[in-house]
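Just protein38.csv here, CSV, C-alpha atoms:
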```
chain,number,residue,atom,x,y,z
F,1,MET,CA,173.2,23.7,-4.8
F,2,LYS,CA,171.2,21.1,-6.8
F,3,MET,CA,167.8,21.3,-8.3
F,4,GLN,CA,165.7,18.9,-10.3
F,5,PHE,CA,162.5,19.4,-12.4
F,6,HIS,CA,160.3,17.1,-14.4
F,7,ILE,CA,159.0,18.2,-17.8
F,8,ASP,CA,156.0,16.7,-19.5
F,9,GLU,CA,155.3,16.1,-23.2
F,10,GLY,CA,152.8,18.6,-24.7
F,11,ASP,CA,152.6,20.8,-21.6
F,12,PHE,CA,152.7,23.9,-23.7
F,13,SER,CA,151.3,26.2,-21.0
F,14,GLY,CA,153.8,24.9,-18.5
F,15,ALA,CA,156.9,25.2,-20.8
F,16,GLY,CA,159.3,27.5,-19.1
F,17,THR,CA,158.2,26.9,-15.5
F,18,ALA,CA,161.5,25.1,-14.7
F,19,SER,CA,163.7,27.7,-16.4
F,20,SER,CA,161.8,30.4,-14.6
F,21,GLU,CA,162.5,28.7,-11.2
F,22,VAL,CA,166.2,28.4,-12.0
F,23,LYS,CA,166.4,32.0,-13.1
F,24,LYS,CA,164.8,33.1,-9.8
F,25,VAL,CA,167.4,31.2,-7.8
F,26,LEU,CA,170.3,32.5,-9.9
F,27,LYS,CA,169.0,36.1,-9.2
F,28,GLN,CA,168.9,35.4,-5.5
F,29,LEU,CA,172.5,34.2,-5.7
F,30,ASN,CA,173.5,37.6,-7.2
F,31,ILE,CA,174.9,36.1,-10.3
F,32,SER,CA,175.6,38.6,-13.1
F,33,PRO,CA,172.5,39.5,-15.1
F,34,MET,CA,174.3,38.8,-18.4
F,35,ILE,CA,175.1,35.2,-17.3
F,36,ILE,CA,171.6,34.7,-15.9
F,37,ARG,CA,170.1,35.8,-19.2
F,38,ARG,CA,172.3,33.4,-21.2
F,39,ILE,CA,171.4,30.5,-18.9
F,40,ALA,CA,167.7,31.3,-18.8
F,41,VAL,CA,167.5,31.4,-22.7
F,42,ALA,CA,169.4,28.2,-23.1
F,43,LEU,CA,167.3,26.4,-20.5
F,44,TYR,CA,164.1,27.7,-21.9
F,45,GLU,CA,164.9,26.5,-25.4
F,46,ALA,CA,165.9,23.1,-24.0
F,47,GLU,CA,162.7,22.9,-22.0
F,48,VAL,CA,160.6,23.8,-25.0
F,49,ASN,CA,162.4,21.1,-27.0
F,50,VAL,CA,161.3,18.5,-24.4
F,51,VAL,CA,157.7,19.6,-24.4
F,52,ALA,CA,157.7,19.8,-28.2
F,53,HIS,CA,159.5,16.6,-29.1
F,54,ALA,CA,159.9,14.1,-26.2
F,55,TYR,CA,157.5,12.1,-24.0
F,56,ARG,CA,158.9,13.3,-20.8
F,57,GLY,CA,162.2,14.7,-19.4
F,58,VAL,CA,164.2,15.7,-16.4
F,59,MET,CA,166.2,18.9,-15.9
F,60,LYS,CA,169.0,18.6,-13.4
F,61,VAL,CA,170.8,21.8,-12.3
F,62,ASN,CA,174.0,21.9,-10.3
F,63,ILE,CA,175.1,25.4,-9.2
F,64,GLU,CA,178.7,25.7,-7.9
F,65,SER,CA,180.7,28.8,-7.0
F,66,ASP,CA,182.6,28.8,-10.3
F,67,LYS,CA,180.3,27.0,-12.7
F,68,ILE,CA,176.7,25.9,-13.5
F,69,GLN,CA,176.1,22.5,-14.9
F,70,ILE,CA,172.8,21.5,-16.4
F,71,CYS,CA,171.6,18.2,-17.8
F,72,ILE,CA,168.3,17.8,-19.6
F,73,GLU,CA,167.5,14.2,-20.3
F,74,ASP,CA,164.4,13.1,-22.1
F,75,GLU,CA,162.7,9.9,-23.1
F,76,GLY,CA,161.4,10.3,-26.7
F,77,PRO,CA,162.1,9.6,-30.3
F,78,GLY,CA,165.6,10.9,-30.1
F,79,ILE,CA,167.5,12.5,-33.0
F,80,GLU,CA,168.6,10.5,-36.0
F,81,ASP,CA,171.1,13.0,-37.3
F,82,ILE,CA,172.6,15.3,-34.7
F,83,GLU,CA,174.7,17.3,-37.2
F,84,LEU,CA,171.6,18.0,-39.2
F,85,ALA,CA,169.5,18.9,-36.1
F,86,MET,CA,172.2,21.4,-35.1
F,87,GLU,CA,171.8,23.3,-38.4
F,88,GLU,CA,169.8,26.5,-38.1
F,89,GLY,CA,166.5,26.2,-39.9
F,90,PHE,CA,166.2,22.4,-39.6
F,91,SER,CA,163.1,21.4,-37.6
F,92,THR,CA,160.7,18.5,-37.2
F,93,ALA,CA,158.3,20.5,-35.0
F,94,SER,CA,154.6,20.1,-35.3
F,95,ASP,CA,152.1,22.9,-36.1
F,96,LYS,CA,151.2,23.1,-32.5
F,97,VAL,CA,154.8,24.0,-31.6
F,98,ARG,CA,155.0,26.6,-34.4
F,99,GLU,CA,151.8,28.2,-33.0
F,100,MET,CA,153.7,28.7,-29.8
F,101,GLY,CA,156.3,30.7,-31.6
F,102,PHE,CA,158.9,28.0,-31.8
F,103,GLY,CA,159.8,25.3,-34.3
F,104,ALA,CA,161.9,27.3,-36.7
F,105,GLY,CA,165.0,25.2,-36.1
F,106,MET,CA,166.8,27.7,-34.0
F,107,GLY,CA,166.5,26.1,-30.5
F,108,LEU,CA,169.7,24.0,-30.5
F,109,ALA,CA,171.7,26.8,-32.0
F,110,ASN,CA,170.3,29.2,-29.4
F,111,ILE,CA,171.4,26.8,-26.7
F,112,ARG,CA,174.9,26.5,-28.1
F,113,ARG,CA,175.2,30.3,-28.5
F,114,ASN,CA,174.3,30.9,-24.8
F,115,THR,CA,176.5,28.3,-23.2
F,116,ASP,CA,180.3,27.8,-22.7
F,117,GLU,CA,180.0,24.1,-23.5
F,118,MET,CA,177.2,22.0,-24.9
F,119,LYS,CA,177.1,18.3,-25.3
F,120,LEU,CA,174.3,16.7,-27.2
F,121,SER,CA,173.8,12.9,-27.4
F,122,SER,CA,170.9,10.9,-28.6
F,123,ILE,CA,169.8,7.3,-29.1
F,124,PRO,CA,167.0,7.1,-31.7
F,125,GLY,CA,163.9,5.5,-30.2
F,126,LYS,CA,165.1,6.1,-26.7
F,127,GLY,CA,165.8,9.8,-26.0
F,128,THR,CA,168.1,12.7,-26.0
F,129,THR,CA,170.5,14.3,-23.5
F,130,ILE,CA,171.8,17.8,-23.5
F,131,GLY,CA,174.6,18.7,-21.1
F,132,ILE,CA,175.3,22.4,-20.6
F,133,LEU,CA,178.1,24.1,-18.9
F,134,SER,CA,178.2,27.8,-18.0
F,135,ILE,CA,181.3,29.3,-16.3
R,1,MET,CA,163.8,57.0,-24.1
R,2,VAL,CA,160.0,56.7,-23.9
R,3,THR,CA,157.8,55.4,-21.1
R,4,VAL,CA,155.1,52.7,-21.3
R,5,HIS,CA,152.4,55.4,-21.4
R,6,GLN,CA,154.1,57.2,-24.3
R,7,ILE,CA,154.4,53.9,-26.2
R,8,ASN,CA,150.8,53.3,-25.6
R,9,ARG,CA,149.8,56.6,-27.0
R,10,LEU,CA,151.9,56.0,-30.1
R,11,VAL,CA,150.1,52.7,-30.9
R,12,ASN,CA,146.6,53.9,-29.8
R,13,GLY,CA,146.7,51.0,-27.4
R,14,ILE,CA,145.3,49.9,-24.0
R,15,ILE,CA,147.6,49.2,-21.1
R,16,LEU,CA,146.6,45.9,-19.7
R,17,ASN,CA,149.5,45.8,-17.3
R,18,GLY,CA,151.5,48.8,-16.3
R,19,THR,CA,153.7,47.1,-13.8
R,20,ALA,CA,157.2,47.5,-15.3
R,21,PRO,CA,160.4,48.8,-13.8
R,22,ASP,CA,160.8,52.6,-14.1
R,23,GLN,CA,163.0,52.2,-17.1
R,24,GLY,CA,162.7,53.9,-20.5
R,25,PHE,CA,162.5,52.1,-23.8
R,26,SER,CA,164.6,53.0,-26.8
R,27,HIS,CA,164.5,50.0,-29.2
R,28,CYS,CA,161.9,47.7,-30.6
R,29,PHE,CA,162.0,44.2,-32.1
R,30,ALA,CA,159.0,43.0,-34.0
R,31,SER,CA,158.5,39.2,-34.4
R,32,ASP,CA,156.1,36.3,-34.0
R,33,LEU,CA,158.9,33.9,-33.7
R,34,MET,CA,160.0,33.6,-30.1
R,35,SER,CA,163.2,31.7,-30.9
R,36,ASN,CA,164.2,34.8,-32.9
R,37,VAL,CA,163.4,37.1,-29.9
R,38,LEU,CA,165.5,34.9,-27.7
R,39,THR,CA,168.6,35.7,-29.8
R,40,VAL,CA,168.3,39.5,-29.1
R,41,ASP,CA,170.0,40.9,-26.1
R,42,LYS,CA,169.2,44.6,-25.8
R,43,GLU,CA,168.4,46.7,-22.8
R,44,GLY,CA,165.3,48.9,-23.0
R,45,MET,CA,163.8,46.8,-25.8
R,46,ILE,CA,160.1,46.6,-26.6
R,47,LEU,CA,158.7,43.4,-28.0
R,48,LEU,CA,156.1,43.9,-30.7
R,49,THR,CA,154.3,40.7,-31.6
R,50,GLY,CA,151.2,39.2,-33.0
R,51,LEU,CA,151.7,36.1,-31.0
R,52,SER,CA,149.5,36.1,-27.9
R,53,THR,CA,150.3,33.0,-25.9
R,54,LEU,CA,151.8,32.3,-22.5
R,55,GLN,CA,155.1,31.6,-24.3
R,56,THR,CA,155.1,35.3,-25.4
R,57,MET,CA,155.4,36.3,-21.7
R,58,ARG,CA,157.8,33.5,-20.9
R,59,THR,CA,160.1,34.7,-23.8
R,60,ALA,CA,159.9,38.3,-22.5
R,61,GLU,CA,160.8,37.0,-19.0
R,62,MET,CA,163.8,35.0,-20.2
R,63,SER,CA,165.0,37.8,-22.4
R,64,ASN,CA,164.6,40.5,-19.8
R,65,VAL,CA,162.1,42.4,-22.0
R,66,HIS,CA,159.9,44.7,-19.9
R,67,CYS,CA,157.4,45.9,-22.4
R,68,VAL,CA,155.3,43.7,-24.8
R,69,ILE,CA,152.9,45.2,-27.4
R,70,VAL,CA,150.4,42.6,-28.6
R,71,ALA,CA,149.3,43.7,-32.1
R,72,ARG,CA,146.5,42.8,-34.5
R,73,GLY,CA,143.9,42.9,-31.6
R,74,LYS,CA,144.9,39.5,-30.3
R,75,ARG,CA,143.3,38.5,-27.1
R,76,VAL,CA,145.5,38.6,-24.0
R,77,THR,CA,144.5,36.0,-21.4
R,78,ASN,CA,144.4,36.5,-17.6
R,79,GLU,CA,147.1,33.8,-17.3
R,80,MET,CA,149.4,35.8,-19.6
R,81,LEU,CA,148.7,39.0,-17.5
R,82,LYS,CA,149.4,37.1,-14.3
R,83,LEU,CA,152.8,36.0,-15.6
R,84,ALA,CA,153.5,39.6,-16.8
R,85,LYS,CA,152.7,41.1,-13.4
R,86,GLU,CA,154.9,38.5,-11.7
R,87,HIS,CA,157.9,39.5,-13.8
R,88,GLY,CA,157.3,43.2,-14.2
R,89,ILE,CA,156.4,43.2,-17.8
R,90,ALA,CA,154.2,45.9,-19.2
R,91,VAL,CA,151.6,44.7,-21.6
R,92,ILE,CA,149.9,46.9,-24.3
R,93,PHE,CA,147.0,45.7,-26.4
R,94,CYS,CA,146.8,47.3,-29.8
R,95,SER,CA,144.5,46.9,-32.8
R,96,PHE,CA,147.1,47.9,-35.4
R,97,SER,CA,148.8,45.4,-37.6
R,98,MET,CA,152.5,44.8,-36.8
R,99,PHE,CA,153.4,46.9,-39.8
R,100,ALA,CA,151.3,49.9,-38.7
R,101,ALA,CA,152.5,49.7,-35.1
R,102,SER,CA,156.1,49.4,-36.3
R,103,GLY,CA,155.7,52.4,-38.5
R,104,ARG,CA,154.3,54.5,-35.7
R,105,LEU,CA,157.1,53.6,-33.3
R,106,TYR,CA,159.8,54.1,-35.9
R,107,GLU,CA,158.4,57.4,-37.0
R,108,ASN,CA,158.5,58.6,-33.4
R,109,GLY,CA,162.2,57.7,-32.8
R,110,ILE,CA,162.1,54.2,-31.5
R,111,LYS,CA,165.1,52.5,-33.0
R,112,PRO,CA,165.4,49.1,-34.6
R,113,VAL,CA,167.7,46.5,-32.9
R,114,TYR,CA,169.5,45.7,-36.2
```
What would the structure in this file look like if it were written as structure tokens?
Amino acid sequence: MKMQFHIDEGDFSGAGTASSEVKKVLKQLNISPMIIRRIAVALYEAEVNVVAHAYRGVMKVNIESDKIQICIEDEGPGIEDIELAMEEGFSTASDKVREMGFGAGMGLANIRRNTDEMKLSSIPGKGTTIGILSI
Amino acid sequence: MVTVHQINRLVNGIILNGTAPDQGFSHCFASDLMSNVLTVDKEGMILLTGLSTLQTMRTAEMSNVHCVIVARGKRVTNEMLKLAKEHGIAVIFCSFSMFAASGRLYENGIKPVY
């Protein structure tokens, strides 16, 4: 089963809509609540990252019987130093993002913690792609 | 285990949305930082927060939290309540500070997550 969602920059009230839709579908598919929670948290953090840092993004979800693959691709400023960005506590978030309860430099670490595999690649000035695998 | 109504009495609150599964609550996590809340995985957990935004409810939804106490008298919008109803999240409005609300809950047997 494949799903695709568009995410817009600065859509703070809409952040989480795509993750919520995916969570709903996973529940309907009777996937274990523990796995659903992990995927929902990872997706939500990734979605908030697009809203907070990029210009626009696409979330592609592919649900198979033995695994769930997700790719979140954005057009935006990209990440200069991925290793630094992965460090807990490092953040370039705006005050607006912090007012939302995010921007403390925990997002990428939260994504990694809740997935079996996470691949992060970025081209500064073009955008960032996160690939997530959950088994 | 306490119910939403018992929690409400402890914090002198107002229940803005009582639609929550018939589960009891035993633990509480107090934070304004939603990324921090997303790291906690605990059944029967109350979220006590001074952050009153749509993302507060989204965070509760993603974390399977079914009771949110909004402290410091922060306004809860209709949009937030709509989302809470949709996902079976009880919402309690309370005028206490986070510290005072935490104290009341702790004093009455609600456990910390850590």
For chain F, list the residues within 6 Å of chain R, counting all atoms listed in the file, and write the list as a list of chain:residue names.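 Every residue meeting the condition is included here: F:Ala40, F:Val41, F:Gly101, F:Phe102.
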Pull C-alpha atoms from the residues just selected and write them as a PDB file, keeping the file's coordinate frame.
```
ATOM      1  CA  ALA F  40     167.700  31.300 -18.800  1.00  0.00           C
ATOM      2  CA  VAL F  41     167.500  31.400 -22.700  1.00  0.00           C
ATOM      3  CA  GLY F 101     156.300  30.700 -31.600  1.00  0.00           C
ATOM      4  CA  PHE F 102     158.900  28.000 -31.800  1.00  0.00           C
TER       5      PHE F 102
END
```
Rounded to one decimal in Å, what is the spacing between CA of Thr17 in chain F and CA of Ile70 in chain F? 15.6 Å
Set the distance at 10 Å and use all atoms listed in the file: which residues neighbour Asn78 in chain R once local chain neighbours fewer than 4 positions away are removed? I'd like the list as number ranges by chain. R: 16, 54, 82-84
In Å to one decimal, how far is CA of Leu84 in chain F from CA of Gln69 in chain F? 25.1 Å
R:Ile15, R:Val113, R:Val2, R:Leu105 ranked by distance to Val91 in chain R, top pick (using only C-alpha atoms):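 Checking each of R:Ile15, R:Val113, R:Val2, R:Leu105 against Val91 in chain R, counting only C-alpha atoms, the winner is R:Ile15.
Using all atoms listed in the file, the protein and nucleic acid residues lying no more than 7 Å from Ile123 in chain F, apart from those fewer than 4 places from it along its own chain, are F:Gly78, F:Ile79, F:Gly127, F:Thr128.
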Which polymer residues have any atom within 7 Å of an atom of Cys94 in chain R, counting only C-alpha atoms, with same-chain residues fewer than 6 positions away left out, as JSON, numbers by chain? {"R": [11, 12, 13, 14, 69, 70, 71, 72, 73]}
Output C-alpha atoms for every residue in that selection, as a PDB file, in the coordinates of the input.
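Now in again-v7.pdb:
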```
ATOM      1  CA  VAL R  11     150.100  52.700 -30.900  1.00  0.00           C
ATOM      2  CA  ASN R  12     146.600  53.900 -29.800  1.00  0.00           C
ATOM      3  CA  GLY R  13     146.700  51.000 -27.400  1.00  0.00           C
ATOM      4  CA  ILE R  14     145.300  49.900 -24.000  1.00  0.00           C
ATOM      5  CA  ILE R  69     152.900  45.200 -27.400  1.00  0.00           C
ATOM      6  CA  VAL R  70     150.400  42.600 -28.600  1.00  0.00           C
ATOM      7  CA  ALA R  71     149.300  43.700 -32.100  1.00  0.00           C
ATOM      8  CA  ARG R  72     146.500  42.800 -34.500  1.00  0.00           C
ATOM      9  CA  GLY R  73     143.900  42.900 -31.600  1.00  0.00           C
TER      10      GLY R  73
END
```
Proximity to Ser95 in chain R - best of R:Gly18, R:Gly44, R:Gly50, R:Gly24, all atoms listed in the file: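 Closest residue, counting all atoms listed in the file: R:Gly50.
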Cut-off 10 Å around (156.8, 55.8, -32.5) with all atoms listed in the file: residues as a compact mmCIF listing (two decimals) with C-alpha atoms, keeping the file's coordinate frame:
```txt
# COMPACT_ATOMS: atom_id res chain seq x y z
CA VAL R 2 160.00 56.70 -23.90
CA GLN R 6 154.10 57.20 -24.30
CA ILE R 7 154.40 53.90 -26.20
CA ASN R 8 150.80 53.30 -25.60
CA ARG R 9 149.80 56.60 -27.00
CA LEU R 10 151.90 56.00 -30.10
CA VAL R 11 150.10 52.70 -30.90
CA CYS R 28 161.90 47.70 -30.60
CA ALA R 101 152.50 49.70 -35.10
CA SER R 102 156.10 49.40 -36.30
CA GLY R 103 155.70 52.40 -38.50
CA ARG R 104 154.30 54.50 -35.70
CA LEU R 105 157.10 53.60 -33.30
CA TYR R 106 159.80 54.10 -35.90
CA GLU R 107 158.40 57.40 -37.00
CA ASN R 108 158.50 58.60 -33.40
CA GLY R 109 162.20 57.70 -32.80
CA ILE R 110 162.10 54.20 -31.50
CA LYS R 111 165.10 52.50 -33.00
```
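The interatomic distance for the pair CA of Ala104 in chain F and CA of Ala46 in chain F works out to 14.0 Å.
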What's around Ala52 in chain F at 7 Å? Count only C-alpha atoms, leave out sequence neighbours fewer than 6 positions away in its own chain, and write the answer as a PyMOL selection string. chain F and resi 9-10+93+97
Contacts of Lys60 in chain F within 12 Å, only C-alpha atoms, excl. fewer than 5 positions in-chain, as a PDB file with C-alpha atoms, in the coordinates of the input:
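out_15.pdb was written with the following content:
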```
ATOM      1  CA  MET F   1     173.200  23.700  -4.800  1.00  0.00           C
ATOM      2  CA  LYS F   2     171.200  21.100  -6.800  1.00  0.00           C
ATOM      3  CA  MET F   3     167.800  21.300  -8.300  1.00  0.00           C
ATOM      4  CA  GLN F   4     165.700  18.900 -10.300  1.00  0.00           C
ATOM      5  CA  PHE F   5     162.500  19.400 -12.400  1.00  0.00           C
ATOM      6  CA  HIS F   6     160.300  17.100 -14.400  1.00  0.00           C
ATOM      7  CA  ILE F   7     159.000  18.200 -17.800  1.00  0.00           C
ATOM      8  CA  ALA F  18     161.500  25.100 -14.700  1.00  0.00           C
ATOM      9  CA  SER F  19     163.700  27.700 -16.400  1.00  0.00           C
ATOM     10  CA  VAL F  22     166.200  28.400 -12.000  1.00  0.00           C
ATOM     11  CA  LEU F  43     167.300  26.400 -20.500  1.00  0.00           C
ATOM     12  CA  ALA F  46     165.900  23.100 -24.000  1.00  0.00           C
ATOM     13  CA  GLU F  47     162.700  22.900 -22.000  1.00  0.00           C
ATOM     14  CA  ILE F  68     176.700  25.900 -13.500  1.00  0.00           C
ATOM     15  CA  GLN F  69     176.100  22.500 -14.900  1.00  0.00           C
ATOM     16  CA  ILE F  70     172.800  21.500 -16.400  1.00  0.00           C
ATOM     17  CA  CYS F  71     171.600  18.200 -17.800  1.00  0.00           C
ATOM     18  CA  ILE F  72     168.300  17.800 -19.600  1.00  0.00           C
ATOM     19  CA  GLU F  73     167.500  14.200 -20.300  1.00  0.00           C
ATOM     20  CA  ASP F  74     164.400  13.100 -22.100  1.00  0.00           C
ATOM     21  CA  THR F 129     170.500  14.300 -23.500  1.00  0.00           C
ATOM     22  CA  ILE F 130     171.800  17.800 -23.500  1.00  0.00           C
ATOM     23  CA  GLY F 131     174.600  18.700 -21.100  1.00  0.00           C
ATOM     24  CA  ILE F 132     175.300  22.400 -20.600  1.00  0.00           C
ATOM     25  CA  LEU F 133     178.100  24.100 -18.900  1.00  0.00           C
TER      26      LEU F 133
END
```
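The residue that comes closest to Gln23 in chain R, out of R:His66, R:His5, R:Lys85, R:Lys42 and on the basis of all atoms listed in the file, is R:His66.
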